[in-house]
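A.B. asks: So I've got this file, target_27.cif, and it contains mmCIF, C-alpha atoms:
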```cif
data_coords
#
loop_
_atom_site.label_atom_id
_atom_site.label_comp_id
_atom_site.auth_asym_id
_atom_site.auth_seq_id
_atom_site.Cartn_x
_atom_site.Cartn_y
_atom_site.Cartn_z
CA ASP A 1 0.00 0.00 0.00
CA ARG A 2 1.76 3.13 -1.24
CA ASP A 3 -0.17 5.48 1.06
CA LEU A 4 0.70 3.53 4.22
CA ARG A 5 4.34 3.22 3.15
CA PHE A 6 4.41 6.99 2.63
CA PHE A 7 2.79 7.45 6.04
CA PHE A 8 5.37 5.33 7.89
CA LYS A 9 8.33 6.83 6.03
CA ASN A 10 7.23 10.37 6.92
CA ALA A 11 5.80 9.78 10.39
CA VAL A 12 7.42 11.49 13.37
CA PHE A 13 7.19 9.28 16.46
CA HIS A 14 7.41 11.04 19.81
CA SER A 15 7.81 7.99 22.06
CA VAL A 16 7.82 4.20 22.16
CA GLY A 17 4.20 4.36 23.24
CA HIS A 18 3.37 6.41 20.15
CA ILE A 19 5.00 3.79 17.89
CA LEU A 20 3.11 0.99 19.66
CA ASP A 21 -0.20 2.79 19.22
CA VAL A 22 0.40 3.39 15.50
CA CYS A 23 1.51 -0.21 14.92
CA ARG A 24 -1.60 -1.45 16.72
CA ASP A 25 -3.81 0.74 14.54
CA GLU A 26 -2.07 -0.45 11.34
CA ARG A 27 -1.75 -4.09 12.38
CA GLY A 28 -3.69 -5.35 9.37
CA PHE A 29 -1.16 -3.76 7.01
CA LEU A 30 1.96 -4.70 9.01
CA ASP A 31 0.84 -8.33 9.37
CA ASN A 32 0.32 -8.86 5.63
CA ILE A 33 3.08 -7.26 3.55
CA ALA A 34 3.27 -9.17 0.25
CA LEU A 35 6.75 -10.03 -1.02
CA PRO A 36 7.21 -11.19 -4.63
CA PRO A 37 9.25 -14.32 -5.39
CA PRO A 38 12.96 -13.55 -4.96
CA TRP A 39 13.75 -15.02 -8.38
CA LYS A 40 11.33 -12.53 -9.95
CA GLU A 41 13.09 -9.55 -8.39
CA GLY A 42 16.62 -10.79 -9.00
CA VAL A 43 17.34 -11.06 -5.27
CA PHE A 44 19.79 -13.87 -6.01
CA GLY A 45 22.23 -11.35 -7.39
CA LYS A 46 21.31 -12.20 -10.97
CA ALA A 47 19.06 -10.40 -13.41
CA SER A 48 15.71 -12.16 -13.47
CA GLY A 49 12.11 -11.14 -13.85
CA GLY A 50 10.54 -14.30 -15.24
CA ASN A 51 7.03 -15.23 -14.19
CA SER A 52 6.56 -18.79 -15.42
CA ASN A 53 7.31 -22.01 -13.54
CA LYS A 54 10.13 -22.63 -16.02
CA ASP A 55 11.69 -19.26 -15.18
CA MET A 56 11.34 -20.04 -11.47
CA ASP A 57 12.95 -23.47 -11.77
CA GLU A 58 15.77 -22.05 -13.87
CA ALA A 59 16.47 -19.23 -11.40
CA ILE A 60 16.52 -21.62 -8.41
CA ASN A 61 18.74 -24.10 -10.26
CA ASN A 62 21.15 -21.30 -11.18
CA TYR A 63 21.23 -20.14 -7.57
CA CYS A 64 21.85 -23.65 -6.24
CA SER A 65 24.58 -24.17 -8.87
CA ASP A 66 26.55 -21.14 -7.69
CA ALA A 67 29.10 -22.62 -5.26
CA ALA A 68 29.82 -19.31 -3.53
CA LEU A 69 26.13 -18.46 -2.95
CA VAL A 70 25.32 -21.97 -1.72
CA SER A 71 28.34 -22.03 0.59
CA GLN A 72 27.29 -18.72 2.16
CA ALA A 73 23.65 -19.85 2.43
CA LEU A 74 24.72 -23.04 4.22
CA ARG A 75 26.80 -20.98 6.68
CA ASP A 76 23.77 -18.76 7.26
CA LEU A 77 21.60 -21.84 7.70
CA ARG A 78 23.90 -23.27 10.39
CA ARG A 79 23.38 -20.07 12.42
CA GLU A 80 19.66 -20.78 12.58
CA VAL A 81 17.63 -23.15 14.75
CA ILE A 82 15.47 -25.05 12.26
CA THR A 83 12.49 -27.18 13.22
CA VAL A 84 10.35 -29.44 11.05
CA ASN A 85 6.96 -30.00 12.71
CA GLY A 86 8.75 -29.41 16.01
CA GLN A 87 11.71 -31.72 15.32
CA ILE A 88 15.11 -30.00 15.24
CA LEU A 89 16.98 -30.29 11.93
CA SER A 90 20.68 -31.15 12.24
CA PRO A 91 23.18 -28.61 10.82
CA ALA A 92 24.29 -29.47 7.27
CA HIS A 93 27.52 -28.65 5.41
CA SER A 94 26.29 -29.50 1.91
CA VAL A 95 23.04 -29.52 -0.04
CA PRO A 96 22.91 -33.36 -0.26
CA GLU A 97 23.47 -33.53 3.49
CA LEU A 98 20.70 -30.99 4.06
CA ALA A 99 18.32 -33.02 1.87
CA GLU A 100 19.29 -36.22 3.70
CA TYR A 101 18.54 -34.75 7.13
CA LEU A 102 15.26 -33.30 5.87
CA GLY A 103 14.28 -36.63 4.34
CA GLN A 104 14.98 -38.46 7.59
CA ILE A 105 12.57 -36.20 9.49
CA LEU A 106 9.93 -35.96 6.76
CA ASN A 107 9.69 -39.74 6.42
CA SER A 108 10.08 -40.51 10.13
CA ASN A 109 7.42 -42.42 12.04
CA GLN A 110 6.63 -39.28 14.02
CA MET A 111 5.94 -37.34 10.83
CA LYS A 112 3.85 -40.15 9.33
CA LYS A 113 1.81 -40.27 12.51
CA SER A 114 1.13 -36.53 12.42
CA LEU A 115 0.17 -36.64 8.73
CA GLY A 116 -2.07 -39.67 9.31
CA GLU A 117 -4.44 -37.99 11.76
CA THR A 118 -8.02 -39.11 11.45
CA LYS A 119 -10.59 -36.78 9.96
CA GLY A 120 -12.34 -36.42 13.32
CA SER A 121 -9.13 -35.24 14.98
CA ILE A 122 -8.48 -32.79 12.15
CA MET A 123 -11.96 -31.31 12.51
CA ARG A 124 -11.54 -30.94 16.28
CA ASN A 125 -8.25 -29.15 15.74
CA SER A 126 -9.89 -26.98 13.11
CA ARG A 127 -12.62 -25.90 15.53
CA ARG A 128 -9.98 -25.08 18.14
CA ARG A 129 -8.06 -23.03 15.59
CA LEU A 130 -11.14 -21.01 14.68
CA LYS A 131 -11.17 -19.72 18.25
CA LYS A 132 -7.73 -18.22 17.69
CA ARG A 133 -6.86 -15.23 15.55
CA ILE A 134 -5.12 -16.39 12.39
CA SER A 135 -1.67 -14.81 12.18
CA ASN A 136 1.59 -15.08 10.29
CA TYR A 137 3.33 -14.96 13.65
CA THR A 138 4.18 -17.81 16.02
CA SER A 139 4.51 -18.22 19.76
CA ASP A 140 8.26 -17.51 19.80
CA PHE A 141 7.30 -13.86 19.80
CA GLY A 142 4.49 -14.19 22.32
CA LEU A 143 1.81 -14.38 19.65
CA GLU A 144 -0.40 -17.07 18.18
CA SER A 145 1.02 -20.45 17.20
CA GLU A 146 -0.29 -22.47 14.28
CA SER A 147 2.29 -25.26 14.32
CA GLU A 148 0.18 -27.85 16.14
CA PHE A 149 -2.92 -27.29 14.06
CA PHE A 150 -3.96 -28.84 10.77
CA SER A 151 -6.02 -27.13 8.12
CA GLY A 152 -9.71 -27.93 8.35
CA GLY A 153 -9.82 -28.44 4.58
CA GLU A 154 -7.43 -31.37 4.61
CA SER A 155 -8.71 -34.72 3.46
CA ASP A 156 -8.83 -37.83 5.59
CA SER A 157 -6.05 -40.28 4.91
CA SER A 158 -6.38 -43.70 6.47
CA GLY A 159 -3.31 -45.01 4.62
CA ALA A 160 0.33 -44.18 5.24
CA SER A 161 1.62 -40.81 4.02
CA LYS A 162 5.03 -40.42 2.39
CA ILE A 163 6.95 -37.35 1.25
CA ASP A 164 8.05 -37.48 -2.37
CA VAL A 165 11.84 -37.29 -2.81
CA GLY A 166 11.30 -34.34 -5.15
CA LEU A 167 9.52 -32.43 -2.36
CA VAL A 168 12.49 -33.05 -0.05
CA ASP A 169 14.75 -31.46 -2.67
CA VAL A 170 12.35 -28.54 -3.11
CA LEU A 171 12.25 -27.87 0.63
CA ALA A 172 16.06 -28.08 0.86
CA ARG A 173 16.42 -25.47 -1.87
CA ARG A 174 13.74 -23.22 -0.35
CA LEU A 175 15.53 -23.48 3.01
CA LEU A 176 18.73 -22.20 1.43
CA ILE A 177 16.83 -19.21 0.10
CA ALA A 178 14.99 -18.62 3.39
CA ALA A 179 18.23 -18.62 5.39
CA SER A 180 20.18 -16.49 2.93
CA ARG A 181 20.96 -13.01 4.22
CA THR A 182 20.04 -11.77 0.74
CA GLY A 183 16.79 -13.77 0.79
CA ALA A 184 14.08 -13.72 3.44
CA GLY A 185 16.34 -12.12 6.06
CA GLY A 186 17.39 -9.40 3.66
CA ASP A 187 13.80 -8.69 2.63
CA ALA A 188 12.68 -8.32 6.24
CA TYR A 189 15.61 -6.03 7.07
CA PHE A 190 15.06 -3.74 4.11
CA VAL A 191 11.32 -3.44 4.74
CA VAL A 192 11.82 -2.64 8.44
CA ARG A 193 14.51 -0.12 7.53
CA ASP A 194 12.31 1.39 4.83
CA LEU A 195 9.33 1.82 7.19
CA PHE A 196 11.04 2.67 10.48
CA GLY A 197 14.57 3.76 9.60
CA GLY A 198 15.63 7.34 9.01
CA ASP A 199 18.36 9.94 9.16
CA GLU A 200 18.47 9.87 12.96
CA VAL A 201 18.04 6.14 13.62
CA GLU A 202 19.76 2.93 12.53
CA VAL A 203 18.11 -0.48 12.03
CA VAL A 204 20.39 -3.34 13.17
CA PRO A 205 19.71 -7.12 13.16
CA HIS A 206 19.38 -8.32 16.75
CA HIS A 207 22.09 -10.61 18.08
CA SER A 208 21.26 -12.74 21.09
CA SER A 209 23.33 -15.32 22.93
CA GLY A 210 20.34 -16.60 24.87
CA ARG A 211 18.59 -19.93 24.35
CA VAL A 212 16.04 -20.01 21.53
CA ASN A 213 12.97 -22.01 22.58
CA GLN A 214 11.52 -22.24 19.09
CA GLY A 215 13.11 -22.50 15.68
CA THR A 216 14.19 -19.28 14.02
CA ILE A 217 13.12 -21.10 10.84
CA GLU A 218 10.11 -23.38 11.04
CA ILE A 219 8.87 -25.88 8.48
CA ILE A 220 5.29 -26.99 9.09
CA VAL A 221 4.18 -29.88 6.85
CA ARG A 222 0.51 -30.65 6.45
CA MET A 223 -1.43 -32.85 4.06
CA THR A 224 -2.13 -29.93 1.72
CA SER A 225 0.75 -27.53 2.33
CA ALA A 226 4.28 -27.04 3.57
CA ILE A 227 4.89 -23.72 5.32
CA ILE A 228 8.30 -22.11 5.84
CA LYS A 229 8.40 -19.41 8.52
CA SER A 230 11.58 -17.36 8.93
CA HIS A 231 11.76 -15.34 12.15
CA ALA A 232 14.01 -12.36 12.81
CA LYS A 233 14.43 -9.50 15.29
CA PHE A 234 15.69 -5.98 14.57
CA ASP A 235 16.80 -3.29 16.99
CA ILE A 236 16.46 0.42 16.25
CA PHE A 237 19.16 2.66 17.72
CA ALA A 238 19.55 6.40 17.80
CA LYS A 239 22.54 7.55 15.74
CA PRO A 240 25.38 7.34 16.39
CA CYS A 241 25.09 3.73 17.56
CA GLY A 242 27.17 3.35 20.68
CA ASP A 243 26.66 1.25 23.79
CA SER A 244 23.17 2.60 24.35
CA ASP A 245 20.07 0.42 24.50
CA PRO A 246 17.85 0.23 21.42
CA LEU A 247 14.93 2.62 21.23
CA ILE A 248 12.62 -0.22 20.20
CA GLN A 249 12.78 -3.75 18.83
CA PHE A 250 10.73 -5.23 15.98
CA HIS A 251 9.96 -8.90 15.36
CA THR A 252 9.33 -10.20 11.86
CA THR A 253 8.07 -13.43 10.35
CA THR A 254 8.40 -14.16 6.63
CA THR A 255 6.00 -16.92 5.55
CA GLU A 256 6.07 -18.95 2.35
CA THR A 257 3.43 -21.59 1.67
CA LEU A 258 4.08 -24.46 -0.74
CA THR A 259 0.87 -26.04 -2.00
CA LEU A 260 0.98 -29.85 -1.94
CA GLN A 261 -0.92 -32.37 -4.01
CA GLN A 262 -1.65 -35.97 -3.07
CA SER A 263 -1.28 -39.03 -5.29
CA VAL A 264 -2.21 -42.54 -4.18
CA ASP A 265 0.18 -45.43 -4.77
CA GLY A 266 -1.50 -48.54 -3.41
CA SER A 267 -1.98 -47.89 0.31
CA THR A 268 0.47 -44.96 0.34
CA VAL A 269 -0.43 -41.29 -0.11
CA LEU A 270 2.47 -39.48 -1.80
CA LEU A 271 2.84 -35.74 -1.20
CA LYS A 272 4.32 -33.56 -3.97
CA GLU A 273 4.61 -29.85 -4.65
CA LYS A 274 1.87 -28.29 -6.76
CA LYS A 275 2.86 -25.16 -8.67
CA THR A 276 0.32 -22.32 -8.53
CA LYS A 277 0.27 -18.65 -9.51
CA MET A 278 1.20 -17.83 -5.89
CA THR A 279 4.22 -20.13 -5.79
CA GLY A 280 7.15 -18.24 -4.34
CA TRP A 281 5.12 -15.33 -3.00
CA ARG A 282 5.69 -14.66 0.69
CA THR A 283 4.01 -12.65 3.43
CA LEU A 284 6.00 -10.50 5.83
CA ALA A 285 4.57 -9.67 9.24
CA ILE A 286 6.13 -6.96 11.41
CA ARG A 287 5.29 -6.22 15.02
CA PRO A 288 7.05 -4.36 17.80
CA ALA A 289 8.23 -6.36 20.79
CA TYR A 290 5.99 -6.41 23.83
CA TYR A 291 6.64 -3.61 26.30
CA GLU A 292 5.25 -3.39 29.79
CA LYS A 293 4.14 0.02 30.96
CA ILE A 294 5.65 0.86 34.33
CA THR A 295 3.87 3.39 36.47
CA ALA A 296 5.38 5.21 39.41
#
```
Spit out the file's structure as structure tokens when you get a sec.
C.D. replies:
Amino acid sequence: DRDLRFFFKNAVFHSVGHILDVCRDERGFLDNIALPPPWKEGVFGKASGGNSNKDMDEAINNYCSDAALVSQALRDLRREVITVNGQILSPAHSVPELAEYLGQILNSNQMKKSLGETKGSIMRNSRRRLKKRISNYTSDFGLESESEFFSGGESDSSGASKIDVGLVDVLARRLLIAASRTGAGGDAYFVVRDLFGGDEVEVVPHHSSGRVNQGTIEIIVRMTSAIIKSHAKFDIFAKPCGDSDPLIQFHTTTTETLTLQQSVDGSTVLLKEKKTKMTGWRTLAIRPAYYEKITA
């Protein structure tokens, strides 16, 4: 929304409370910032702009064939805590190793059990989810969590579910992009800086040595979709940045949803990626950290 972007870029905030009030009023906008596919915008450091599935596949293949980019993305990935339906993904030093670790979790008994929920259980979870506000955020930032819920539109599957090897490869490649500092992390940084940065303040990625209770990148696999959520935190300092505390901190979640299709092979339901016109599009949600008002 050009008008809201203009508003945030030109707003003069008088206090943290003022920022919190404005962000609360504009929550609908800040929770649903649409980001185009990175291969369409040339985020990979290469000229792009294609719209078709062929252009997308070519751009991703080129990215994953660039040894320097992949090496950096893997280093970035090892800095993250990655969970797949709650299971922690082991750090990988190569793309085949990453795909192997992903495949082990995706085809584990625990995953098969979660994907094989009965229709009655799915509907109960769906009714519980309707009582919550749907959000792109997760509980790591004190907001709503969707990880344990399944979509109410999913079909019942009494047979075993298995992840197609091609989907494992797709998720491994998408993970590289999500972890890349020029991918999801870069997008979130530039949007926060664009909206809340300025001549007198500096936006800096937050660095914490504390324990992370939830993955900074989450993969949530369901019967009809695979969701990749990349979480980040950014501090805003008054210039010049010294040893002072940040004026305010923002939390972001970048969400990409891969649509899945099911094919039946005997008693096994095979899950594969289904390309749609929204493939690659992501949603960025931005919210300030929670602050407690202290009264004298």
A.B. asks: For the structure shown, which residues end up in the PyMOL selection byres ((chain A and resi 179) around 6)? Put them as a list of chain:residue names, please?
C.D. replies: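 Written out, the selection comes to A:Asp76, A:Leu77, A:Leu176, A:Ile177, A:Ala178, A:Ser180.
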A.B. asks: Rounded to one decimal place, report the atom CA of A:Arg287-atom CA of A:Ala172 distance in Å.
C.D. replies: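 Computed distance, atom CA of A:Arg287 to atom CA of A:Ala172, equals 28.2 Å.
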A.B. asks: When distances are computed from only C-alpha atoms, which of A:Arg24, A:His206, A:Arg75, A:Lys239 shows the smallest separation from A:Tyr290?
C.D. replies: A:Arg24
A.B. asks: Around all of stretch 55-66 of chain A's listed atoms, make the axis-aligned box with 3 Å on each side and tell me centre and edge lengths in Å to one decimal, as lines of an AutoDock Vina configuration file.
C.D. replies:
```
center_x = 18.9
center_y = -21.7
center_z = -10.7
size_x = 21.2
size_y = 10.9
size_z = 14.9
```
A.B. asks: Considering all atoms listed in the file, state which residue in the set A:Asp164, A:Phe234, A:Asp243, A:Arg5 is at the smallest distance from A:Leu271.
C.D. replies: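 Once distances to A:Leu271 are computed over all atoms listed in the file, the minimum belongs to A:Asp164.
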A.B. asks: Pick the closest to A:Met111 from A:Ile227, A:Leu98, A:Ala188, A:Val84: which is it, counting all atoms listed in the file?
C.D. replies: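 Among A:Ile227, A:Leu98, A:Ala188, A:Val84, it is A:Val84 that comes nearest to A:Met111.
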A.B. asks: Between A:Ile228, A:Val22, A:Val203, A:Ala289, which is the closest to A:Arg174 once you count only C-alpha atoms?
C.D. replies: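 Looking at the shortest contact to A:Arg174, the residue is A:Ile228.
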A.B. asks: Atom CA of A:Gln110 and atom CA of A:Ile88, how far apart in Å?
C.D. replies: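 About the pair atom CA of A:Ile88 and atom CA of A:Gln110: they are 12.6 Å apart.
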A.B. asks: Rank nothing, just name the residue among A:Arg282, A:Arg2, A:Lys275, A:His93 nearest to A:Thr253, using all atoms listed in the file.
C.D. replies: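 Checking each of A:Arg282, A:Arg2, A:Lys275, A:His93 against A:Thr253, counting all atoms listed in the file, the winner is A:Arg282.
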A.B. asks: Which residue gives the smallest distance to A:Ile19 among A:Val95, A:Ile217, A:Thr255, A:Gln249, with all atoms listed in the file counted?
C.D. replies: A:Gln249
A.B. asks: When you draw a straight line from atom CA of A:Asn61 to atom CA of A:Ser108, how long is it in Å?
C.D. replies: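 Distance reported for this atom pair: 27.6 Å.
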A.B. asks: Using only C-alpha atoms, which protein or nucleic acid residues come within 9 Å of stretch 194-201 of chain A? Drop anything in the same chain fewer than 5 positions from it, and give the result as a list of chain:residue names.
C.D. replies: A:Arg5, A:Phe6, A:Phe7, A:Phe8, A:Lys9, A:Asn10, A:Ala11, A:Tyr189, A:Ile236, A:Phe237, A:Ala238, A:Lys239, A:Pro240, A:Cys241, A:Leu247
A.B. asks: Which residues, written as a list in words, have at least one atom at most 12 Å from A:Leu258, with all atoms listed in the file counted and residues fewer than 3 positions away on the same chain left out?
C.D. replies: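 Contacts, in chain order: Leu167, Val170, Leu171, Arg174, Ile219, Ile220, Val221, Arg222, Met223, Thr224, Ser225, Ala226, Ile227, Ile228, Lys229, Thr255, Gln261, Leu271, Lys272, Glu273, Lys274, Lys275, Thr276, Lys277, Met278, Thr279, Gly280, Trp281 and Arg282 of chain A.
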A.B. asks: Which polymer residues, protein or nucleic acid, are no farther than 10 Å from (7.2, -45.7, 4.2), counting only C-alpha atoms, as a PyMOL selection string?
C.D. replies: chain A and resi 107-109+112+160-163+268-270
A.B. asks: Counting all atoms listed in the file, select every polymer residue within 12 Å of (10.0, -11.4, 8.4) as defined in the file's coordinates, and provide the selection as a PyMOL selection string.
C.D. replies: chain A and resi 30-35+136-138+141+178-179+181+183-192+205+216-217+228-234+250-256+282-287
